[in-house]
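Undergrad: Here's a structure for you.
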Amino acid sequence: MDAPTLTFLALATLLVVSSLLVVLLPNVVHGAMALVTALLIISVFFVMLQAPMVGVLQVLVYAGAIMVLFLFVIMFLNPAAPERSHRVWLGFAGLLAVLLGALLTAMLIKTETAADPIASTDLFGSPEMLAKSLFGDFVLPFEIASILLLVAIVGAVVLALRERRL
Amino acid sequence: MVPLNYYLILSAIVFAIGVIGVLTRRNLIVVLMSIELMLNAVNLTFIAFSRFLGSMEGQVAVFFVMAVAAAEAVIGLAIIISVYRHRQSLDPQEMQLLKW
């Protein structure tokens with residue numbers, strides 16, 4: 001096996017372990033830390049797949065902004081009550097998830113592609129290429145996404161504000 | 001170079017793990033974090049296909065998924081905060097006002 005494959009396997013093991021920790025750890029803060037690990041490993045995969053710009057965005061937006069928001073809410077609520085046990089459902093859900101994973105794998109690996117279609121044009125995945133797609137073909141979805149974010153900001157403020165008698 | 005199938009199998013596994021979290025956990029915050037995990041597994045599939053088909057559309061799709069995920073996390077956490085204010089609990093089992 002060559003070096004990239006070995007790197008992939010090591011990182012993939014880490015990713016699976018940290019995802020399992022997110023799901024199984026009883027302490028929410030520990031789970032959030034495991035999720036940060038998983039997101040960072042996924043951003044490494046993005047860089048390996050020649051998507052450096054998206055990898056940087058992953059670190060900034062996910063591992064940075066979204067996870068800080070999660071931790072902030074965890075600290076804010078400080079949920080002390082322990083979860084009730086869920087052994088039975090864990091078995092069912094495990095079975096279901098194994099079936100789902102097998103199904104997804106069977107469906108996904110049917111796809112066939114050329115061995116290396118882009119032949120390493122250096123620009124692929126660069127901010128320039130991303131921006132050309134984003135502001136060329138996808139400019140309307142981009143504007144809609146900005147409106148969505150605006151709605152989310154207003155909605156979050158309305159939901160999280162303490163109710164006041166007007 | 002690492003074959004495409006490796007990435008696809010990995011993201012299928014991570015997605016299934018996220019499903020376990022959504023189905024079994026009794027804490028709304030952990031459920032939301034599992035959903036983020038599932039979204040990231042899908043993002044990995046997008047990027048892998050984008051790389052192996054040589055087209056930028058996958059990366060643009062990931063960009064939009066990130067924007068929607070940010071909105072979803074913000075609204076979800078705001079809803080969790082207001083649920084916690086009303087019930088002093090994060091257990092989704094207790095939210096059954098609409099249950100017949």
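Residue numbers start at 1 in each chain; chains themselves are named A, B, ... in the order of the structure tokens; ligands are numbered from 1 in the order shown.
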Report as an NGL selection string the set of chain B residues whose atoms approach chain A to within 8 Å, with distances computed over only C-alpha atoms.
TA: :B and (1-2 or 5 or 8-10 or 12-21 or 23-27 or 29-30 or 33-34 or 37 or 40 or 44 or 47-48 or 51-54 or 56-57 or 59-60 or 62-64 or 66-68 or 70-75 or 77-79 or 81-82 or 84 or 89-91)
Undergrad: Would you mind exporting C-alpha atoms of the selected residues as a compact mmCIF listing (two decimals), in the first residue's frame?
TA:
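Result file follows (out.txt):
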```txt
# COMPACT_ATOMS: atom_id res chain seq x y z
CA MET B 1 -4.14 7.97 -5.11
CA VAL B 2 -6.91 6.76 -2.81
CA ASN B 5 -14.86 3.81 -3.22
CA LEU B 8 -17.83 6.56 -0.32
CA ILE B 9 -17.70 3.66 2.15
CA LEU B 10 -16.25 5.92 4.84
CA ALA B 12 -21.67 5.79 4.43
CA ILE B 13 -20.29 4.54 7.76
CA VAL B 14 -20.18 8.03 9.29
CA PHE B 15 -23.72 8.73 8.07
CA ALA B 16 -24.97 5.49 9.69
CA ILE B 17 -23.26 6.43 12.97
CA GLY B 18 -25.06 9.77 12.85
CA VAL B 19 -28.36 7.92 12.37
CA ILE B 20 -27.64 5.88 15.53
CA GLY B 21 -27.18 9.13 17.44
CA LEU B 23 -32.37 7.45 17.00
CA THR B 24 -31.02 6.61 20.44
CA ARG B 25 -29.95 9.73 22.28
CA ARG B 26 -32.31 11.46 24.69
CA ASN B 27 -30.62 14.82 24.61
CA ILE B 29 -28.20 18.90 21.72
CA VAL B 30 -26.61 15.52 20.98
CA MET B 33 -24.78 17.24 16.76
CA SER B 34 -25.51 13.85 15.18
CA LEU B 37 -22.27 14.59 11.58
CA ASN B 40 -20.68 16.22 6.99
CA LEU B 44 -17.53 14.20 2.05
CA ILE B 47 -16.31 16.45 -2.48
CA ALA B 48 -15.16 12.94 -3.40
CA ARG B 51 -12.78 15.31 -7.35
CA PHE B 52 -13.30 12.09 -9.28
CA LEU B 53 -15.69 13.54 -11.87
CA GLY B 54 -13.50 16.60 -12.29
CA MET B 56 -16.68 22.01 -9.45
CA GLU B 57 -20.42 21.58 -8.89
CA GLN B 59 -17.81 21.87 -4.11
CA VAL B 60 -20.45 24.53 -4.74
CA VAL B 62 -20.95 21.70 -0.20
CA PHE B 63 -20.78 25.47 0.12
CA PHE B 64 -24.57 25.66 0.11
CA MET B 66 -22.64 24.62 4.92
CA ALA B 67 -24.79 27.75 4.67
CA VAL B 68 -27.97 25.76 5.29
CA ALA B 70 -25.31 27.07 9.79
CA ALA B 71 -28.90 28.33 9.57
CA GLU B 72 -30.18 24.98 10.82
CA ALA B 73 -27.82 24.97 13.81
CA VAL B 74 -28.75 28.53 14.77
CA ILE B 75 -32.51 27.91 14.57
CA LEU B 77 -30.28 25.81 19.14
CA ALA B 78 -32.68 28.73 19.55
CA ILE B 79 -35.59 26.27 19.63
CA ILE B 81 -33.20 27.18 24.38
CA SER B 82 -36.86 28.12 24.30
CA TYR B 84 -35.62 24.34 27.89
CA SER B 89 -35.62 19.44 30.21
CA LEU B 90 -33.84 18.48 27.00
CA ASP B 91 -35.45 15.05 26.70
```
Undergrad: Please run DSSP on the backbone and report, as a count of residues only, all residues within chain B that come out as helix (DSSP H, G or I).
TA: 81
Undergrad: How many Å lie between CA of Ser55 in chain B and CA of Glu143 in chain A, rounded to one decimal?
TA: 21.9 Å
